[in-house]
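Next comes work-v8.tsv, with TSV, C-alpha atoms.
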```tsv
chain	number	residue	atom	x	y	z
A	1	MET	CA	51.55	94.55	77.09
A	2	PRO	CA	54.48	92.27	78.07
A	3	GLU	CA	54.73	91.11	81.66
A	4	PRO	CA	57.53	92.78	83.67
A	5	ASP	CA	60.63	90.65	84.17
A	6	THR	CA	60.50	89.38	87.77
A	7	SER	CA	63.44	87.02	87.51
A	8	PRO	CA	66.16	87.61	90.14
A	9	THR	CA	69.02	89.91	89.18
A	10	PRO	CA	72.68	88.89	89.58
A	11	LEU	CA	72.78	91.02	92.74
A	12	ASP	CA	69.69	89.26	94.09
A	13	LEU	CA	71.44	85.93	93.54
A	14	LEU	CA	74.58	87.15	95.35
A	15	HIS	CA	72.50	88.29	98.32
A	16	GLU	CA	70.67	84.96	98.34
A	17	ARG	CA	73.98	83.10	98.23
A	18	GLU	CA	75.14	85.05	101.29
A	19	ARG	CA	71.88	84.24	103.07
A	20	LEU	CA	72.35	80.53	102.40
A	21	THR	CA	76.08	80.24	103.07
A	22	LEU	CA	77.06	82.84	105.69
A	23	ALA	CA	76.69	82.34	109.40
A	24	PRO	CA	73.85	84.41	110.92
A	25	PHE	CA	76.44	86.38	112.94
A	26	GLY	CA	78.34	87.31	109.79
A	27	ALA	CA	77.92	90.66	108.05
A	28	HIS	CA	75.52	90.34	105.12
A	29	SER	CA	76.06	92.93	102.39
A	30	SER	CA	72.31	93.34	101.89
A	31	ASP	CA	72.11	94.61	105.50
A	32	SER	CA	74.93	97.14	105.16
A	33	LEU	CA	74.39	100.42	106.98
A	34	GLY	CA	75.18	102.16	103.72
A	35	ARG	CA	77.43	104.92	102.45
A	36	VAL	CA	77.84	108.58	103.40
A	37	HIS	CA	76.82	109.59	99.88
A	38	ALA	CA	73.85	107.68	98.48
A	39	GLU	CA	74.57	105.58	95.38
A	40	SER	CA	72.51	103.17	93.32
A	41	LEU	CA	73.18	99.50	93.93
A	42	HIS	CA	75.42	97.84	91.39
A	43	PRO	CA	73.56	95.25	89.28
A	44	TYR	CA	76.07	92.42	89.80
A	45	ARG	CA	78.39	93.34	92.68
A	46	THR	CA	77.61	93.53	96.38
A	47	ALA	CA	78.46	96.60	98.45
A	48	PHE	CA	81.55	94.96	99.93
A	49	GLN	CA	82.77	93.73	96.54
A	50	ARG	CA	82.56	97.28	95.20
A	51	ASP	CA	84.48	98.54	98.24
A	52	ARG	CA	87.23	96.00	97.68
A	53	GLU	CA	87.64	97.02	94.05
A	54	ARG	CA	87.60	100.75	94.83
A	55	ILE	CA	90.42	100.20	97.29
A	56	ILE	CA	92.49	98.15	94.83
A	57	HIS	CA	92.17	100.86	92.16
A	58	SER	CA	93.12	103.70	94.52
A	59	ALA	CA	96.40	105.60	94.26
A	60	ALA	CA	97.05	105.06	97.97
A	61	PHE	CA	96.93	101.28	97.47
A	62	ARG	CA	99.48	101.43	94.64
A	63	ARG	CA	101.83	103.53	96.75
A	64	LEU	CA	102.04	100.76	99.35
A	65	GLU	CA	104.44	99.01	96.95
A	66	ASN	CA	107.20	101.44	97.94
A	67	LYS	CA	106.44	101.89	101.63
A	68	THR	CA	108.48	100.20	104.34
A	69	GLN	CA	107.28	97.18	106.27
A	70	VAL	CA	110.51	96.58	108.23
A	71	PHE	CA	113.18	97.08	105.58
A	72	VAL	CA	113.32	100.21	103.44
A	73	ASN	CA	112.45	99.23	99.86
A	74	HIS	CA	115.94	99.66	98.39
A	75	GLU	CA	117.47	97.23	100.94
A	76	GLY	CA	116.42	94.29	98.77
A	77	ASP	CA	113.81	93.07	96.30
A	78	ASN	CA	112.76	90.01	98.33
A	79	TYR	CA	111.80	91.70	101.60
A	80	ARG	CA	108.18	92.51	102.38
A	81	THR	CA	106.87	95.94	101.57
A	82	ARG	CA	103.70	97.45	102.96
A	83	LEU	CA	101.91	96.23	99.82
A	84	THR	CA	103.04	92.61	100.00
A	85	HIS	CA	102.25	92.61	103.71
A	86	THR	CA	98.74	93.88	102.90
A	87	ILE	CA	98.23	91.15	100.29
A	88	GLU	CA	99.35	88.49	102.78
A	89	VAL	CA	96.93	89.87	105.39
A	90	ALA	CA	94.10	89.78	102.84
A	91	GLN	CA	94.87	86.16	101.89
A	92	ILE	CA	94.92	85.04	105.52
A	93	ALA	CA	91.76	87.02	106.29
A	94	ARG	CA	89.88	85.37	103.42
A	95	SER	CA	90.96	81.91	104.58
A	96	ILE	CA	89.76	82.55	108.14
A	97	ALA	CA	86.47	84.09	106.95
A	98	ARG	CA	85.78	81.18	104.62
A	99	ALA	CA	86.44	78.60	107.34
A	100	MET	CA	84.09	80.40	109.74
A	101	ALA	CA	81.31	81.13	107.19
A	102	LEU	CA	81.92	84.88	107.49
A	103	ASN	CA	81.84	87.44	104.70
A	104	GLU	CA	85.06	87.03	102.72
A	105	ASP	CA	84.49	90.18	100.67
A	106	LEU	CA	84.15	92.38	103.77
A	107	ALA	CA	87.18	90.80	105.43
A	108	GLU	CA	89.25	91.28	102.28
A	109	ALA	CA	88.17	94.90	101.82
A	110	VAL	CA	89.09	95.80	105.41
A	111	ALA	CA	92.41	93.97	105.07
A	112	LEU	CA	93.31	95.74	101.82
A	113	ALA	CA	92.51	99.14	103.35
A	114	HIS	CA	93.95	98.72	106.84
A	115	ASP	CA	97.36	100.28	106.05
A	116	LEU	CA	96.44	102.84	103.37
A	117	GLY	CA	97.30	105.67	105.76
A	118	HIS	CA	100.69	104.30	106.79
A	119	THR	CA	103.63	106.59	106.28
A	120	ALA	CA	106.92	106.00	104.56
A	121	PHE	CA	109.57	104.32	106.72
A	122	GLY	CA	107.13	102.17	108.69
A	123	HIS	CA	106.36	102.82	112.35
A	124	ALA	CA	109.32	105.20	112.59
A	125	GLY	CA	107.59	107.48	110.10
A	126	GLU	CA	104.33	107.23	112.01
A	127	GLU	CA	106.09	108.19	115.26
A	128	ALA	CA	107.75	111.18	113.57
A	129	LEU	CA	104.43	112.54	112.31
A	130	ASN	CA	102.74	111.79	115.62
A	131	ARG	CA	105.24	114.05	117.38
A	132	LYS	CA	104.90	116.80	114.77
A	133	MET	CA	101.09	116.69	115.04
A	134	ALA	CA	100.99	116.41	118.84
A	135	GLY	CA	99.26	119.77	119.20
A	136	ASP	CA	96.60	118.76	116.66
A	137	GLY	CA	95.60	115.43	118.14
A	138	GLY	CA	98.62	113.45	116.97
A	139	PHE	CA	98.88	111.08	114.03
A	140	SER	CA	97.48	107.56	113.77
A	141	HIS	CA	97.65	105.52	110.59
A	142	ASN	CA	94.18	104.15	111.39
A	143	ARG	CA	92.70	107.63	111.32
A	144	GLN	CA	94.82	108.50	108.29
A	145	SER	CA	93.61	105.39	106.46
A	146	LEU	CA	90.04	106.55	107.05
A	147	ARG	CA	91.02	110.05	105.91
A	148	VAL	CA	92.46	108.56	102.72
A	149	VAL	CA	89.26	106.71	101.80
A	150	ASP	CA	86.92	109.50	103.01
A	151	VAL	CA	88.71	112.63	101.81
A	152	LEU	CA	92.09	112.37	100.10
A	153	GLU	CA	91.37	110.00	97.22
A	154	GLU	CA	89.93	111.99	94.32
A	155	ARG	CA	88.34	109.66	91.80
A	156	TYR	CA	84.63	110.46	91.59
A	157	PRO	CA	82.82	113.60	90.39
A	158	GLY	CA	80.08	113.51	93.01
A	159	PHE	CA	82.04	113.22	96.26
A	160	GLN	CA	85.44	113.20	97.91
A	161	GLY	CA	87.08	109.90	98.76
A	162	LEU	CA	85.94	106.42	97.82
A	163	ASN	CA	82.55	106.51	99.60
A	164	LEU	CA	83.00	103.07	101.12
A	165	SER	CA	80.34	101.28	103.13
A	166	PHE	CA	79.99	101.86	106.87
A	167	GLU	CA	81.24	98.36	107.69
A	168	VAL	CA	84.53	98.73	105.81
A	169	ARG	CA	85.15	102.21	107.20
A	170	GLU	CA	84.36	100.96	110.70
A	171	GLY	CA	86.79	98.07	110.21
A	172	ILE	CA	89.52	100.54	109.23
A	173	VAL	CA	89.05	102.87	112.17
A	174	LYS	CA	88.61	100.08	114.74
A	175	HIS	CA	91.66	98.18	113.56
A	176	GLU	CA	93.58	97.19	116.67
A	177	THR	CA	96.91	95.43	117.20
A	178	ILE	CA	99.63	95.66	119.85
A	179	TYR	CA	100.92	98.69	117.91
A	180	ASP	CA	97.59	100.40	117.23
A	181	ARG	CA	94.67	101.47	119.37
A	182	PRO	CA	91.46	102.58	117.68
A	183	ASP	CA	89.82	105.97	117.96
A	184	ALA	CA	86.25	105.12	116.96
A	185	GLU	CA	84.55	108.49	117.36
A	186	GLY	CA	81.64	108.65	114.94
A	187	PHE	CA	81.49	104.85	114.59
A	188	HIS	CA	79.53	103.83	117.70
A	189	PRO	CA	82.50	103.30	120.05
A	190	GLU	CA	80.23	101.16	122.24
A	191	TRP	CA	79.82	98.65	119.38
A	192	LYS	CA	82.23	95.81	118.92
A	193	PRO	CA	83.40	95.59	115.29
A	194	THR	CA	82.08	92.87	113.01
A	195	LEU	CA	83.75	89.48	113.26
A	196	GLU	CA	85.18	90.14	109.79
A	197	ALA	CA	86.92	93.28	111.07
A	198	GLN	CA	88.07	91.47	114.21
A	199	LEU	CA	89.66	88.66	112.23
A	200	VAL	CA	91.59	91.17	110.10
A	201	ASN	CA	93.29	92.39	113.30
A	202	LEU	CA	94.50	88.86	113.92
A	203	ALA	CA	95.35	88.20	110.26
A	204	ASP	CA	97.58	91.28	110.42
A	205	GLU	CA	99.34	89.86	113.47
A	206	ILE	CA	99.68	86.41	111.91
A	207	ALA	CA	101.19	87.91	108.76
A	208	TYR	CA	103.83	90.05	110.45
A	209	ASN	CA	104.74	87.39	113.04
A	210	SER	CA	105.47	85.03	110.19
A	211	HIS	CA	107.00	87.21	107.49
A	212	ASP	CA	109.20	89.05	109.99
A	213	VAL	CA	110.69	85.70	110.97
A	214	ASP	CA	111.23	84.98	107.28
A	215	ASP	CA	112.75	88.39	106.50
A	216	GLY	CA	114.85	88.36	109.68
A	217	LEU	CA	116.41	85.01	108.73
A	218	ARG	CA	116.79	85.97	105.07
A	219	SER	CA	118.56	89.22	105.96
A	220	GLY	CA	120.92	87.63	108.48
A	221	ILE	CA	119.70	89.98	111.22
A	222	PHE	CA	119.32	86.87	113.36
A	223	GLY	CA	120.40	83.29	112.78
A	224	TRP	CA	118.55	80.00	112.75
A	225	ASP	CA	119.65	79.06	116.27
A	226	ASP	CA	118.99	82.45	117.87
A	227	PRO	CA	115.30	81.72	118.70
A	228	ALA	CA	116.21	78.20	119.89
A	229	GLY	CA	115.06	78.85	123.46
A	230	LEU	CA	111.51	79.63	122.38
A	231	PRO	CA	109.04	76.74	122.86
A	232	ILE	CA	107.22	77.54	119.61
A	233	TRP	CA	110.50	77.55	117.66
A	234	THR	CA	111.45	74.16	119.12
A	235	GLU	CA	108.04	72.74	118.22
A	236	LEU	CA	108.11	74.18	114.69
A	237	ASN	CA	111.53	72.71	113.99
A	238	ALA	CA	110.57	69.32	115.41
A	239	ALA	CA	107.39	69.21	113.31
A	240	SER	CA	109.25	70.24	110.16
A	241	ARG	CA	112.06	67.69	110.63
A	242	LYS	CA	109.60	64.93	111.42
A	243	THR	CA	107.87	65.22	108.04
A	244	HIS	CA	110.84	66.50	105.99
A	245	PRO	CA	114.13	65.46	107.64
A	246	ASP	CA	116.44	66.29	104.73
A	247	LEU	CA	115.50	69.81	103.59
A	248	ASP	CA	118.21	72.32	102.78
A	249	HIS	CA	118.34	75.57	104.77
A	250	ARG	CA	116.29	77.63	102.31
A	251	LEU	CA	113.44	75.12	102.04
A	252	ARG	CA	113.54	74.54	105.81
A	253	ARG	CA	112.96	78.25	106.35
A	254	HIS	CA	110.01	78.28	103.96
A	255	HIS	CA	108.50	75.17	105.52
A	256	VAL	CA	108.81	76.45	109.09
A	257	VAL	CA	107.24	79.80	108.16
A	258	ARG	CA	104.33	78.01	106.46
A	259	LEU	CA	103.84	75.90	109.57
A	260	LEU	CA	103.89	79.03	111.72
A	261	ILE	CA	101.16	80.62	109.62
A	262	ASN	CA	99.07	77.45	109.63
A	263	TRP	CA	99.38	76.93	113.38
A	264	GLN	CA	98.30	80.51	114.11
A	265	VAL	CA	95.34	80.36	111.72
A	266	THR	CA	94.22	76.95	113.01
A	267	ASP	CA	94.39	78.00	116.65
A	268	LEU	CA	92.51	81.23	115.96
A	269	ILE	CA	89.68	79.51	114.07
A	270	SER	CA	89.19	76.72	116.60
A	271	HIS	CA	89.36	79.03	119.62
A	272	ALA	CA	87.11	81.69	118.06
A	273	LYS	CA	84.46	79.09	117.24
A	274	ARG	CA	84.49	77.94	120.87
A	275	ARG	CA	84.30	81.55	122.10
A	276	ILE	CA	81.35	82.35	119.84
A	277	GLU	CA	79.48	79.34	121.23
A	278	GLN	CA	80.41	80.10	124.86
A	279	MET	CA	79.41	83.77	124.50
A	280	GLY	CA	76.02	82.83	123.06
A	281	ILE	CA	76.58	84.78	119.86
A	282	ARG	CA	73.87	84.04	117.34
A	283	THR	CA	73.47	87.25	115.36
A	284	LEU	CA	75.47	90.29	114.27
A	285	ALA	CA	73.64	92.26	116.97
A	286	ASP	CA	75.09	89.81	119.52
A	287	VAL	CA	78.57	90.49	118.14
A	288	ARG	CA	78.01	94.25	118.48
A	289	ARG	CA	77.03	94.12	122.14
A	290	ALA	CA	79.28	91.23	123.24
A	291	ASP	CA	81.32	91.54	126.41
A	292	GLY	CA	84.71	91.10	124.78
A	293	LEU	CA	86.06	90.03	121.41
A	294	PRO	CA	85.50	86.40	120.40
A	295	MET	CA	88.23	86.49	117.73
A	296	THR	CA	91.31	85.64	119.81
A	297	PHE	CA	94.02	83.01	120.04
A	298	SER	CA	93.77	80.45	122.81
A	299	PRO	CA	95.55	81.53	126.05
A	300	GLU	CA	98.12	78.75	125.63
A	301	PHE	CA	98.97	79.80	122.08
A	302	GLN	CA	98.98	83.50	123.01
A	303	ALA	CA	101.75	82.75	125.50
A	304	LYS	CA	103.83	81.05	122.82
A	305	ILE	CA	103.28	83.89	120.34
A	306	ALA	CA	104.14	86.45	123.03
A	307	GLY	CA	107.57	84.87	123.34
A	308	LEU	CA	108.09	85.07	119.58
A	309	LYS	CA	106.98	88.72	119.50
A	310	LYS	CA	109.42	89.62	122.27
A	311	PHE	CA	112.21	87.86	120.40
A	312	LEU	CA	111.44	89.81	117.22
A	313	TYR	CA	111.26	93.07	119.16
A	314	ASP	CA	114.60	92.52	120.89
A	315	ASN	CA	116.50	90.93	118.02
A	316	MET	CA	114.99	92.46	114.87
A	317	TYR	CA	113.05	95.68	115.43
A	318	ARG	CA	115.81	97.00	117.75
A	319	HIS	CA	118.69	95.67	115.64
A	320	TYR	CA	121.18	98.38	114.76
A	321	ARG	CA	120.53	98.04	111.02
A	322	VAL	CA	116.78	98.49	111.46
A	323	SER	CA	117.36	101.30	113.98
A	324	ARG	CA	119.61	103.11	111.52
A	325	MET	CA	117.00	102.86	108.78
A	326	ALA	CA	114.32	104.09	111.17
A	327	ALA	CA	116.44	107.02	112.35
A	328	LYS	CA	117.16	108.09	108.78
A	329	GLY	CA	113.46	107.92	107.94
A	330	GLU	CA	112.53	110.01	110.98
A	331	ARG	CA	115.14	112.66	110.09
A	332	ILE	CA	113.82	112.87	106.53
A	333	LEU	CA	110.21	113.35	107.58
A	334	ASN	CA	111.06	115.73	110.45
A	335	ASN	CA	113.12	117.99	108.20
A	336	LEU	CA	110.59	117.94	105.37
A	337	PHE	CA	107.74	118.74	107.76
A	338	ASP	CA	109.58	121.75	109.20
A	339	ALA	CA	110.61	123.03	105.77
A	340	TYR	CA	107.09	122.85	104.32
A	341	VAL	CA	105.50	124.50	107.35
A	342	GLU	CA	108.09	127.26	107.29
A	343	ASP	CA	107.59	127.92	103.57
A	344	PRO	CA	104.42	126.32	102.08
A	345	ARG	CA	105.41	127.59	98.63
A	346	GLN	CA	107.65	124.51	98.43
A	347	LEU	CA	104.66	122.15	98.55
A	348	SER	CA	103.46	120.54	95.33
A	349	PRO	CA	100.71	122.59	93.62
A	350	LYS	CA	97.74	120.43	94.66
A	351	PHE	CA	98.64	120.65	98.34
A	352	ARG	CA	99.71	124.28	98.16
A	353	GLN	CA	96.26	125.19	96.82
A	354	ARG	CA	94.65	123.71	99.93
A	355	VAL	CA	96.88	125.92	102.09
A	356	GLU	CA	96.10	128.99	100.01
A	357	ARG	CA	92.33	128.44	100.27
A	358	ALA	CA	92.63	128.60	104.08
A	359	ALA	CA	94.89	131.69	104.10
A	360	GLY	CA	93.59	134.47	106.31
A	361	THR	CA	91.16	132.23	108.22
A	362	PRO	CA	91.47	131.54	111.97
A	363	ASP	CA	92.19	127.91	111.08
A	364	ALA	CA	95.02	128.64	108.64
A	365	ASP	CA	97.90	127.34	110.78
A	366	ARG	CA	96.11	124.11	111.65
A	367	VAL	CA	95.15	123.55	108.01
A	368	LEU	CA	98.77	124.09	106.98
A	369	ARG	CA	100.01	121.45	109.41
A	370	GLN	CA	97.29	119.00	108.31
A	371	VAL	CA	98.09	119.55	104.63
A	372	VAL	CA	101.80	118.96	105.26
A	373	CYS	CA	100.93	115.84	107.27
A	374	ASP	CA	98.72	114.52	104.46
A	375	TYR	CA	101.46	115.19	101.92
A	376	LEU	CA	104.13	113.41	103.95
A	377	ALA	CA	101.90	110.50	104.98
A	378	GLY	CA	101.15	109.78	101.33
A	379	MET	CA	104.79	109.69	100.29
A	380	THR	CA	106.56	106.45	99.47
A	381	ASP	CA	110.05	105.82	100.87
A	382	ARG	CA	111.53	106.54	97.46
A	383	TYR	CA	109.60	109.77	96.92
A	384	ALA	CA	110.40	111.06	100.42
A	385	MET	CA	114.11	110.41	99.90
A	386	LEU	CA	114.04	112.08	96.48
A	387	GLU	CA	112.13	115.07	97.86
A	388	TYR	CA	114.64	115.33	100.72
A	389	ARG	CA	117.53	115.49	98.26
A	390	LYS	CA	115.73	118.13	96.17
A	391	MET	CA	115.02	120.22	99.25
A	392	PHE	CA	118.39	120.02	101.01
A	393	ASP	CA	121.09	118.98	98.51
A	394	PRO	CA	122.25	122.13	96.64
A	395	PHE	CA	123.59	119.99	93.77
A	396	GLU	CA	120.32	118.12	93.20
A	397	LYS	CA	118.02	119.35	90.48
A	398	VAL	CA	114.62	120.44	91.74
```
Rewrite the structure from the file as structure tokens, please.
Amino acid sequence: MPEPDTSPTPLDLLHERERLTLAPFGAHSSDSLGRVHAESLHPYRTAFQRDRERIIHSAAFRRLENKTQVFVNHEGDNYRTRLTHTIEVAQIARSIARAMALNEDLAEAVALAHDLGHTAFGHAGEEALNRKMAGDGGFSHNRQSLRVVDVLEERYPGFQGLNLSFEVREGIVKHETIYDRPDAEGFHPEWKPTLEAQLVNLADEIAYNSHDVDDGLRSGIFGWDDPAGLPIWTELNAASRKTHPDLDHRLRRHHVVRLLINWQVTDLISHAKRRIEQMGIRTLADVRRADGLPMTFSPEFQAKIAGLKKFLYDNMYRHYRVSRMAAKGERILNNLFDAYVEDPRQLSPKFRQRVERAAGTPDADRVLRQVVCDYLAGMTDRYAMLEYRKMFDPFEKV
């Protein structure tokens, strides 16, 4: 009788590679807390690699291509969309994770999923749905992103959603920026998120700080000299001109934006490493129970970035062109929400069926509002505008 094959499998080798190369306070895929629905391990992909690929192949991920970052998609082909923003966040997250010996696959998966629940028309769309859902707990794109991967994606015969690992789902729901605050019920609110999830929060901030400067200059919403009073802008220009004194305006913009990204990433990595050492973090358990988040910018750099954020808020996000786009988006979603709730027969068949299944139950009205919210949150800018014309323009074919 032949001896059983005891040689390591490809998955064994991947787990061993993580053991040898990742920091002990990183999240090792072999120690994942698992999935809601039990599945067999894949023979040559780790849990976090499978999560990443499930996210990439989801319909919600593809729809990010036509969802607003700052500019509505039809404003121009070169502006960031929610998809290109997500890809930039994932790239930055992987770079930070690699430099700190953290799990790149987990960081990338959280980054790719962090905006899956975002509405059309950017934060204006989120605010519109938050008001409409105020009586039902409001709307948060963090919670909606989790709802997308747990419930709304329909790709597998055995369960709803994508059945992602605990660590990725936790990273989604505990995502936190100046715009978002996490609601971590069901995910050990007393636990700090993994360092991989923490760094995605900062990678998100680094990406939008930088690409909003790029898109603001490209669009003409503000000019090159408008941020001149900001210390970080003065330093960026001086550094760029020192190494490349003769660049034209277009290349100067690209070079300054690259420097801005690099400076933010470098400060974050160096400061986080110091914080991890000062806080005595040696294991993932130490990360979980730490008094504070080690993944932060240095106080000096935070002050510089705060000035840049305020400039962008005052001169870009509140610019009349952006405000007009936001107001139009809010009107579209408000009117569609009211129309669908008033007459659910106008919903697409898949969503109408969910409403009909709840008809006659005590929860019917709440289910109707949630179904309409799910429908609207999944829409792209283009689809929402087309649906608006079909619903309210008598000359538009339905």
Top pick for closest residue to Asp212 of chain A, considering A:Ala384, A:Lys309, A:Ala47, A:Pro344 and counting all atoms listed in the file: A:Lys309
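The residue that comes closest to Ala197 of chain A, out of A:Leu106, A:Leu260, A:Leu164, A:Leu146 and on the basis of all atoms listed in the file, is A:Leu106.
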Near-segment 109-116 of chain A list (6 Å; all atoms listed in the file; drop same-chain fewer than 5 positions) as number ranges by chain: A: 52, 60, 86, 90, 145, 168, 171-172, 200
Write the residues of the selection above to a file with C-alpha atoms, as a PDB file, in the frame of the given file.
```pdb
ATOM      1  CA  ARG A  52      87.230  96.000  97.680  1.00  0.00           C
ATOM      2  CA  ALA A  60      97.050 105.060  97.970  1.00  0.00           C
ATOM      3  CA  THR A  86      98.740  93.880 102.900  1.00  0.00           C
ATOM      4  CA  ALA A  90      94.100  89.780 102.840  1.00  0.00           C
ATOM      5  CA  SER A 145      93.610 105.390 106.460  1.00  0.00           C
ATOM      6  CA  VAL A 168      84.530  98.730 105.810  1.00  0.00           C
ATOM      7  CA  GLY A 171      86.790  98.070 110.210  1.00  0.00           C
ATOM      8  CA  ILE A 172      89.520 100.540 109.230  1.00  0.00           C
ATOM      9  CA  VAL A 200      91.590  91.170 110.100  1.00  0.00           C
TER      10      VAL A 200
END
```
Residue nearest Leu195 of chain A among A:Met133, A:Leu33, A:Ala27, A:Val70 (counting all atoms listed in the file): A:Ala27
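Ranking A:Gly122, A:Gly360, A:Pro4, A:Pro294 by their shortest atom-to-atom distance to Arg80 of chain A, with only C-alpha atoms included, puts A:Gly122 first.
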Nearby residues (only C-alpha atoms) at most 10 Å from segment 206-210 of chain A, same-chain spacing under 6 positions excluded, as a PyMOL selection string: chain A and resi 69-70+80+85-93+200+216+256-265+268+305+308-309+312
For segment 374-396 of chain A, where the input has fewer atoms than it should, I would like N, CA and C atoms rebuilt and written as a compact mmCIF listing (two decimals), in the coordinates of the input.
```txt
# COMPACT_ATOMS: atom_id res chain seq x y z
N ASP A 374 99.30 115.34 105.53
CA ASP A 374 98.72 114.52 104.46
C ASP A 374 99.73 114.27 103.35
N TYR A 375 100.46 115.31 103.00
CA TYR A 375 101.46 115.19 101.92
C TYR A 375 102.54 114.18 102.30
N LEU A 376 103.06 114.31 103.52
CA LEU A 376 104.13 113.41 103.95
C LEU A 376 103.63 111.99 104.15
N ALA A 377 102.42 111.84 104.73
CA ALA A 377 101.90 110.50 104.98
C ALA A 377 101.67 109.73 103.69
N GLY A 378 101.38 110.44 102.60
CA GLY A 378 101.15 109.78 101.33
C GLY A 378 102.41 109.42 100.58
N MET A 379 103.55 109.93 101.02
CA MET A 379 104.79 109.69 100.29
C MET A 379 105.26 108.25 100.44
N THR A 380 105.84 107.71 99.38
CA THR A 380 106.56 106.45 99.47
C THR A 380 107.96 106.72 100.02
N ASP A 381 108.65 105.66 100.43
CA ASP A 381 110.05 105.82 100.87
C ASP A 381 110.86 106.52 99.79
N ARG A 382 110.72 106.03 98.58
CA ARG A 382 111.53 106.54 97.46
C ARG A 382 111.24 108.02 97.19
N TYR A 383 109.95 108.39 97.20
CA TYR A 383 109.60 109.77 96.92
C TYR A 383 110.08 110.69 98.04
N ALA A 384 109.95 110.24 99.29
CA ALA A 384 110.40 111.06 100.42
C ALA A 384 111.91 111.30 100.35
N MET A 385 112.66 110.25 100.00
CA MET A 385 114.11 110.41 99.90
C MET A 385 114.49 111.33 98.74
N LEU A 386 113.78 111.21 97.62
CA LEU A 386 114.04 112.08 96.48
C LEU A 386 113.68 113.53 96.82
N GLU A 387 112.55 113.73 97.48
CA GLU A 387 112.13 115.07 97.86
C GLU A 387 113.13 115.68 98.86
N TYR A 388 113.64 114.85 99.75
CA TYR A 388 114.64 115.33 100.72
C TYR A 388 115.89 115.82 100.00
N ARG A 389 116.34 115.05 99.00
CA ARG A 389 117.53 115.49 98.26
C ARG A 389 117.25 116.79 97.51
N LYS A 390 116.07 116.90 96.91
CA LYS A 390 115.73 118.13 96.17
C LYS A 390 115.66 119.34 97.10
N MET A 391 115.20 119.12 98.32
CA MET A 391 115.02 120.22 99.25
C MET A 391 116.34 120.66 99.91
N PHE A 392 117.24 119.71 100.16
CA PHE A 392 118.39 120.02 101.01
C PHE A 392 119.76 119.82 100.35
N ASP A 393 119.81 119.16 99.20
CA ASP A 393 121.09 118.98 98.51
C ASP A 393 121.21 120.07 97.44
N PRO A 394 122.16 121.01 97.60
CA PRO A 394 122.25 122.13 96.64
C PRO A 394 122.62 121.68 95.24
N PHE A 395 123.16 120.49 95.09
CA PHE A 395 123.59 119.99 93.77
C PHE A 395 122.53 119.12 93.10
N GLU A 396 121.40 118.93 93.77
CA GLU A 396 120.32 118.12 93.20
C GLU A 396 119.35 119.01 92.46
```
